[in-house]
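Text of my_file.csv, listed as CSV, C-alpha atoms:
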chain,number,residue,atom,x,y,z
A,1,MET,CA,-76.8,73.1,-180.9
A,2,ARG,CA,-79.0,70.1,-181.2
A,3,ASN,CA,-77.0,68.7,-184.1
A,4,PHE,CA,-73.8,69.1,-182.0
A,5,LEU,CA,-75.2,67.2,-179.0
A,6,THR,CA,-76.4,64.4,-181.3
A,7,MET,CA,-73.0,64.1,-182.8
A,8,PHE,CA,-71.4,64.1,-179.4
A,9,VAL,CA,-73.6,61.3,-178.2
A,10,ILE,CA,-72.7,59.2,-181.3
A,11,LEU,CA,-69.0,59.7,-180.7
A,12,LEU,CA,-69.4,58.5,-177.1
A,13,ALA,CA,-71.2,55.4,-178.2
A,14,PHE,CA,-68.9,54.6,-181.1
A,15,PRO,CA,-65.2,55.5,-180.4
A,16,ILE,CA,-63.3,56.6,-183.5
A,17,SER,CA,-60.2,54.5,-182.5
A,18,ALA,CA,-60.8,51.2,-180.9
A,19,ALA,CA,-58.4,48.5,-180.0
A,20,LYS,CA,-58.3,45.4,-182.2
A,21,LEU,CA,-59.6,42.7,-179.9
A,22,GLN,CA,-60.1,38.9,-180.4
A,23,ILE,CA,-61.1,36.5,-177.7
A,24,ILE,CA,-59.3,33.2,-178.3
A,25,ASP,CA,-60.6,31.2,-175.4
A,26,GLY,CA,-61.4,31.7,-171.7
A,27,ASP,CA,-57.9,32.8,-170.8
A,28,THR,CA,-56.3,34.1,-174.0
A,29,ILE,CA,-56.8,37.5,-175.7
A,30,ASP,CA,-55.4,39.0,-178.8
A,31,LEU,CA,-55.1,42.8,-178.4
A,32,ASP,CA,-53.6,45.0,-181.0
A,33,GLY,CA,-51.6,42.2,-182.4
A,34,VAL,CA,-50.3,40.9,-179.1
A,35,ARG,CA,-51.5,37.6,-177.7
A,36,TYR,CA,-52.0,37.7,-173.9
A,37,ARG,CA,-52.3,34.6,-171.7
A,38,LEU,CA,-54.1,35.7,-168.6
A,39,GLU,CA,-51.9,35.5,-165.6
A,40,GLY,CA,-52.9,33.4,-162.6
A,41,ILE,CA,-55.9,31.6,-164.1
A,42,ASP,CA,-56.7,28.5,-166.1
A,43,ALA,CA,-60.0,28.4,-168.0
A,44,PRO,CA,-61.6,25.2,-169.5
A,45,GLU,CA,-60.3,24.3,-172.9
A,46,LEU,CA,-62.7,25.0,-175.8
A,47,ALA,CA,-63.6,21.4,-176.3
A,48,GLN,CA,-63.9,20.7,-172.6
A,49,GLN,CA,-67.2,19.7,-171.0
A,50,CYS,CA,-67.8,20.1,-167.3
A,51,LYS,CA,-70.2,18.4,-164.9
A,52,ALA,CA,-73.5,19.9,-163.7
A,53,VAL,CA,-76.2,18.6,-161.4
A,54,THR,CA,-78.3,17.6,-164.3
A,55,GLY,CA,-75.6,16.4,-166.7
A,56,VAL,CA,-72.8,18.2,-168.6
A,57,TRP,CA,-72.3,21.5,-170.2
A,58,ASN,CA,-69.8,23.0,-172.7
A,59,CYS,CA,-67.8,24.9,-170.1
A,60,GLY,CA,-64.9,25.7,-172.5
A,61,GLU,CA,-67.2,27.5,-175.0
A,62,ARG,CA,-69.1,29.1,-172.2
A,63,ALA,CA,-65.9,30.4,-170.6
A,64,ARG,CA,-64.9,32.0,-174.0
A,65,ASP,CA,-68.4,33.5,-174.4
A,66,ALA,CA,-68.2,34.9,-170.9
A,67,LEU,CA,-64.9,36.7,-171.7
A,68,VAL,CA,-66.5,38.0,-174.9
A,69,ARG,CA,-69.4,39.4,-172.9
A,70,MET,CA,-67.0,41.0,-170.3
A,71,THR,CA,-65.0,42.8,-173.0
A,72,ASN,CA,-67.7,43.6,-175.6
A,73,ARG,CA,-67.9,47.4,-176.2
A,74,HIS,CA,-65.6,48.1,-173.2
A,75,ASP,CA,-62.1,49.7,-173.0
A,76,VAL,CA,-59.9,46.7,-172.8
A,77,ARG,CA,-56.3,47.1,-171.8
A,78,CYS,CA,-53.6,44.5,-171.1
A,79,HIS,CA,-50.1,44.6,-169.6
A,80,GLY,CA,-47.3,42.2,-169.0
A,81,ASN,CA,-43.6,42.1,-168.8
A,82,GLN,CA,-42.6,38.5,-169.8
A,83,ARG,CA,-43.5,36.0,-172.5
A,84,ASP,CA,-44.0,32.2,-172.2
A,85,LYS,CA,-42.2,29.7,-174.3
A,86,TYR,CA,-44.9,30.0,-177.0
A,87,GLY,CA,-44.3,33.8,-177.4
A,88,ARG,CA,-47.5,34.8,-175.6
A,89,MET,CA,-47.4,37.7,-173.2
A,90,ILE,CA,-48.2,36.7,-169.6
A,91,GLY,CA,-50.3,39.5,-168.2
A,92,TYR,CA,-53.3,41.1,-166.7
A,93,CYS,CA,-56.2,42.5,-168.7
A,94,THR,CA,-58.9,44.9,-167.6
A,95,ALA,CA,-62.2,46.1,-169.1
A,96,ASP,CA,-63.1,49.6,-168.1
A,97,GLY,CA,-60.6,49.2,-165.3
A,98,ILE,CA,-62.2,45.9,-164.0
A,99,ASP,CA,-59.7,43.0,-163.6
A,100,LEU,CA,-60.7,40.4,-166.1
A,101,ASN,CA,-58.5,37.7,-164.7
A,102,GLN,CA,-60.2,38.0,-161.3
A,103,ARG,CA,-63.7,38.2,-162.8
A,104,MET,CA,-63.3,35.0,-164.8
A,105,VAL,CA,-62.3,33.1,-161.6
A,106,ARG,CA,-64.9,34.8,-159.4
A,107,GLU,CA,-67.8,34.1,-161.8
A,108,GLY,CA,-66.8,30.4,-162.0
A,109,PHE,CA,-65.4,30.4,-165.5
A,110,ALA,CA,-61.7,29.6,-164.6
A,111,TRP,CA,-59.7,28.0,-161.9
A,112,ALA,CA,-57.0,29.8,-159.9
A,113,PHE,CA,-53.8,28.5,-161.4
A,114,ARG,CA,-52.0,27.8,-158.2
A,115,LYS,CA,-49.0,26.3,-160.0
A,116,TYR,CA,-48.0,29.8,-161.1
A,117,SER,CA,-49.9,32.2,-158.9
A,118,MET,CA,-52.0,32.4,-155.7
A,119,THR,CA,-53.5,35.8,-156.6
A,120,TYR,CA,-57.0,34.6,-157.2
A,121,VAL,CA,-57.4,31.8,-154.6
A,122,GLN,CA,-59.9,33.8,-152.6
A,123,ASP,CA,-62.0,34.5,-155.7
A,124,GLU,CA,-62.0,30.8,-156.5
A,125,ALA,CA,-63.2,30.1,-153.0
A,126,HIS,CA,-66.1,32.6,-153.5
A,127,ALA,CA,-67.2,30.9,-156.7
A,128,LYS,CA,-66.9,27.4,-155.2
A,129,ARG,CA,-69.1,28.4,-152.2
A,130,ALA,CA,-71.7,29.8,-154.5
A,131,GLY,CA,-71.6,26.8,-156.9
A,132,LEU,CA,-70.9,29.0,-159.9
A,133,GLY,CA,-69.9,27.8,-163.3
A,134,ILE,CA,-67.3,25.1,-163.1
A,135,TRP,CA,-68.2,24.6,-159.4
A,136,GLN,CA,-71.8,23.4,-160.1
A,137,ALA,CA,-70.5,19.8,-159.7
A,138,LYS,CA,-67.2,18.0,-159.3
A,139,THR,CA,-65.2,18.3,-162.5
A,140,ILE,CA,-61.6,18.0,-163.5
A,141,PRO,CA,-59.6,21.2,-163.9
A,142,ALA,CA,-58.2,22.3,-167.2
A,143,TRP,CA,-54.6,21.2,-166.5
A,144,GLN,CA,-55.7,17.7,-165.6
A,145,TYR,CA,-58.0,17.6,-168.7
A,146,ARG,CA,-55.0,18.5,-170.9
A,147,SER,CA,-52.8,15.9,-169.2
A,148,GLN,CA,-55.4,13.1,-169.8
A,149,LYS,CA,-55.9,14.1,-173.5
A,150,TRP,CA,-52.1,14.2,-174.0
A,151,LYS,CA,-51.6,10.7,-172.5
A,152,SER,CA,-54.4,9.2,-174.6
A,153,ALA,CA,-53.2,10.8,-177.9
A,154,GLY,CA,-49.6,10.0,-177.2
A,155,GLN,CA,-50.3,6.3,-177.2
A,156,ALA,CA,-51.3,6.5,-180.8
A,157,ALA,CA,-48.9,9.2,-182.0
A,158,PRO,CA,-45.4,8.5,-183.5
A,159,ASN,CA,-42.9,8.4,-180.6
A,160,GLY,CA,-45.5,9.8,-178.3
A,161,CYS,CA,-45.3,13.2,-180.1
A,162,ALA,CA,-49.0,14.0,-180.2
A,163,ILE,CA,-49.2,17.5,-181.7
A,164,LYS,CA,-50.5,17.5,-185.3
A,165,GLY,CA,-48.8,20.0,-187.6
A,166,ASN,CA,-51.4,20.6,-190.3
A,167,ILE,CA,-51.1,22.7,-193.5
A,168,SER,CA,-54.2,24.3,-194.9
A,169,LYS,CA,-55.3,27.4,-196.8
A,170,SER,CA,-55.0,29.2,-193.5
A,171,GLY,CA,-51.3,28.3,-193.2
A,172,LYS,CA,-49.3,26.0,-191.0
A,173,ILE,CA,-51.4,25.3,-187.9
A,174,TYR,CA,-50.7,22.9,-185.0
A,175,HIS,CA,-53.4,21.1,-183.0
A,176,VAL,CA,-52.9,19.9,-179.5
A,177,PRO,CA,-54.8,16.8,-178.3
A,178,TRP,CA,-57.3,19.0,-176.4
A,179,SER,CA,-58.1,21.2,-179.4
A,180,LYS,CA,-61.7,20.9,-180.7
A,181,TRP,CA,-60.2,20.2,-184.2
A,182,TYR,CA,-57.7,17.5,-183.2
A,183,ASP,CA,-59.7,14.4,-183.9
A,184,ARG,CA,-60.8,15.7,-187.3
A,185,THR,CA,-57.2,16.6,-188.4
A,186,ARG,CA,-55.3,14.1,-190.5
A,187,ILE,CA,-51.5,14.3,-191.0
A,188,SER,CA,-50.0,13.7,-194.5
A,189,LEU,CA,-46.2,13.5,-194.4
A,190,LYS,CA,-46.1,13.7,-198.2
A,191,ARG,CA,-47.7,17.2,-198.0
A,192,GLY,CA,-45.1,18.4,-195.5
A,193,GLU,CA,-47.3,18.0,-192.5
A,194,ARG,CA,-45.7,16.6,-189.4
A,195,TRP,CA,-46.0,15.6,-185.7
A,196,PHE,CA,-44.5,17.7,-182.9
A,197,CYS,CA,-43.5,16.6,-179.3
A,198,ASN,CA,-44.4,20.0,-177.7
A,199,GLU,CA,-45.8,23.4,-178.6
A,200,ALA,CA,-42.5,25.2,-178.4
A,201,GLU,CA,-41.1,22.9,-181.1
A,202,ALA,CA,-44.1,23.6,-183.3
A,203,VAL,CA,-43.8,27.4,-182.9
A,204,ALA,CA,-40.0,27.2,-183.6
A,205,ALA,CA,-40.7,25.3,-186.9
A,206,GLY,CA,-43.1,28.0,-188.1
A,207,TRP,CA,-46.5,26.6,-187.1
A,208,ARG,CA,-49.1,28.6,-185.1
A,209,ALA,CA,-52.0,27.7,-182.8
A,210,PRO,CA,-55.5,27.8,-184.3
A,211,ARG,CA,-57.5,31.0,-183.7
A,212,GLY,CA,-60.4,30.0,-181.6
How does the structure come out when it is put into structure tokens?
Amino acid sequence: MRNFLTMFVILLAFPISAAKLQIIDGDTIDLDGVRYRLEGIDAPELAQQCKAVTGVWNCGERARDALVRMTNRHDVRCHGNQRDKYGRMIGYCTADGIDLNQRMVREGFAWAFRKYSMTYVQDEAHAKRAGLGIWQAKTIPAWQYRSQKWKSAGQAAPNGCAIKGNISKSGKIYHVPWSKWYDRTRISLKRGERWFCNEAEAVAAGWRAPRG
């Protein structure tokens, strides 16, 4: 009887079949081979830094780490019914039934993405009142950060097409101007590498976004 109870406890702690999960950034999840872009929120980009009372902090990495913490050893489930132009499923994800989209905004690790949804506006207001995460001090939201990075990179890119299509041992990978690898990536046209004007164009040509 004791051996049976011990085995039962082990099975509870370590499920035999677990979903294959990878956290890409603060608003993107790969679950069982499907990439989900969390609906209604916009988290800081991985390379983004945010202001704090005493200086700056790596809010993009911290947002990703927060989502890792929220999903670690939990039953993660996602659902959606439409894809964006990059092939990602737009949807909602839960961890043990808790809304991850909402939790990221409520804990100050993402903005309510009002351009597409008003679902998490009240949760954003809560985080802002409490001065949590990205609300510690005035900082630019992720969409404005991307816009600034694109404008700056586009001034130096051919025809303003600022996305770098790199070829490496990992395959064909494209880097957007707000990617943490962007500045370190060099493009060689002789090797078949190229520039893209938008992400949809890169995806259509066979390139993929970096993982993490």
Determine the nearest neighbour of Ile90 in chain A from the options A:Thr71, A:Gln155, A:Gln22, A:Thr28, counting only C-alpha atoms. A:Thr28
Pairwise distance, CA of Lys51 in chain A with CA of Ser147 in chain A, equals 18.1 Å
Option closest in space to Gly60 in chain A, from A:Tyr92, A:Ala209, A:Lys169, A:Leu46 [counting only C-alpha atoms]: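 Nearest to Gly60 in chain A: A:Leu46.
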Would you mind telling me which residue in A:Glu193, A:Asp30, A:Glu107, A:Asp96 lies nearest to Asn166 in chain A when using only C-alpha atoms? A:Glu193
Quick one: residues within 12 Å of Lys172 in chain A, all atoms listed in the file counted, chain neighbours fewer than 5 positions away excluded, as a count of residues only? 18
Can you pull out the residues contacting His126 in chain A? Cut-off 12 Å, using all atoms listed in the file, and skip same-chain residues under 2 positions away; I want them as a PDB file with C-alpha atoms, keeping the file's coordinate frame.
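Ended up saving to selection.pdb:
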ATOM      1  CA  GLN A 102     -60.200  38.000-161.300  1.00  0.00           C
ATOM      2  CA  ARG A 103     -63.700  38.200-162.800  1.00  0.00           C
ATOM      3  CA  MET A 104     -63.300  35.000-164.800  1.00  0.00           C
ATOM      4  CA  VAL A 105     -62.300  33.100-161.600  1.00  0.00           C
ATOM      5  CA  ARG A 106     -64.900  34.800-159.400  1.00  0.00           C
ATOM      6  CA  GLU A 107     -67.800  34.100-161.800  1.00  0.00           C
ATOM      7  CA  GLY A 108     -66.800  30.400-162.000  1.00  0.00           C
ATOM      8  CA  TRP A 111     -59.700  28.000-161.900  1.00  0.00           C
ATOM      9  CA  ALA A 112     -57.000  29.800-159.900  1.00  0.00           C
ATOM     10  CA  TYR A 120     -57.000  34.600-157.200  1.00  0.00           C
ATOM     11  CA  VAL A 121     -57.400  31.800-154.600  1.00  0.00           C
ATOM     12  CA  GLN A 122     -59.900  33.800-152.600  1.00  0.00           C
ATOM     13  CA  ASP A 123     -62.000  34.500-155.700  1.00  0.00           C
ATOM     14  CA  GLU A 124     -62.000  30.800-156.500  1.00  0.00           C
ATOM     15  CA  LYS A 128     -66.900  27.400-155.200  1.00  0.00           C
ATOM     16  CA  ARG A 129     -69.100  28.400-152.200  1.00  0.00           C
ATOM     17  CA  ALA A 130     -71.700  29.800-154.500  1.00  0.00           C
ATOM     18  CA  GLY A 131     -71.600  26.800-156.900  1.00  0.00           C
ATOM     19  CA  LEU A 132     -70.900  29.000-159.900  1.00  0.00           C
ATOM     20  CA  GLY A 133     -69.900  27.800-163.300  1.00  0.00           C
ATOM     21  CA  TRP A 135     -68.200  24.600-159.400  1.00  0.00           C
TER      22      TRP A 135
END
Between CA of Met89 in chain A and CA of Asn101 in chain A, measure the distance and give it in Å to one decimal.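 Separating CA of Met89 in chain A from CA of Asn101 in chain A is a distance of 14.0 Å.
The two atoms in question, CA of Leu38 in chain A and CA of Asn72 in chain A, are spaced 17.2 Å apart.
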If you count all atoms listed in the file, which residues fall within 9 Å of Lys149 in chain A, apart from same-chain ones fewer than 6 positions away, as a ChimeraX atom specification? /A:176-178
Would you mind telling me which residue in A:Val53, A:Phe113, A:Val76, A:Gln144 lies nearest to Ala19 in chain A when using all atoms listed in the file?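 Between A:Val53, A:Phe113, A:Val76, A:Gln144, the residue approaching Ala19 in chain A most closely is A:Val76.
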Selected residue of minimal separation from Gly160 in chain A among A:Ala110, A:Cys50, A:Cys59, A:Cys197, counting all atoms listed in the file: A:Cys197
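When all atoms listed in the file are used to measure the gap to Cys78 in chain A, the shortest distance among A:Val34, A:Asn58, A:Thr119, A:Ala66 belongs to A:Val34.
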Skip Ile140 in chain A itself and residues of its chain fewer than 5 positions away, then list as a PyMOL selection string all residues within 10 Å of it, counting all atoms listed in the file. chain A and resi 44+48-51+134+145-146
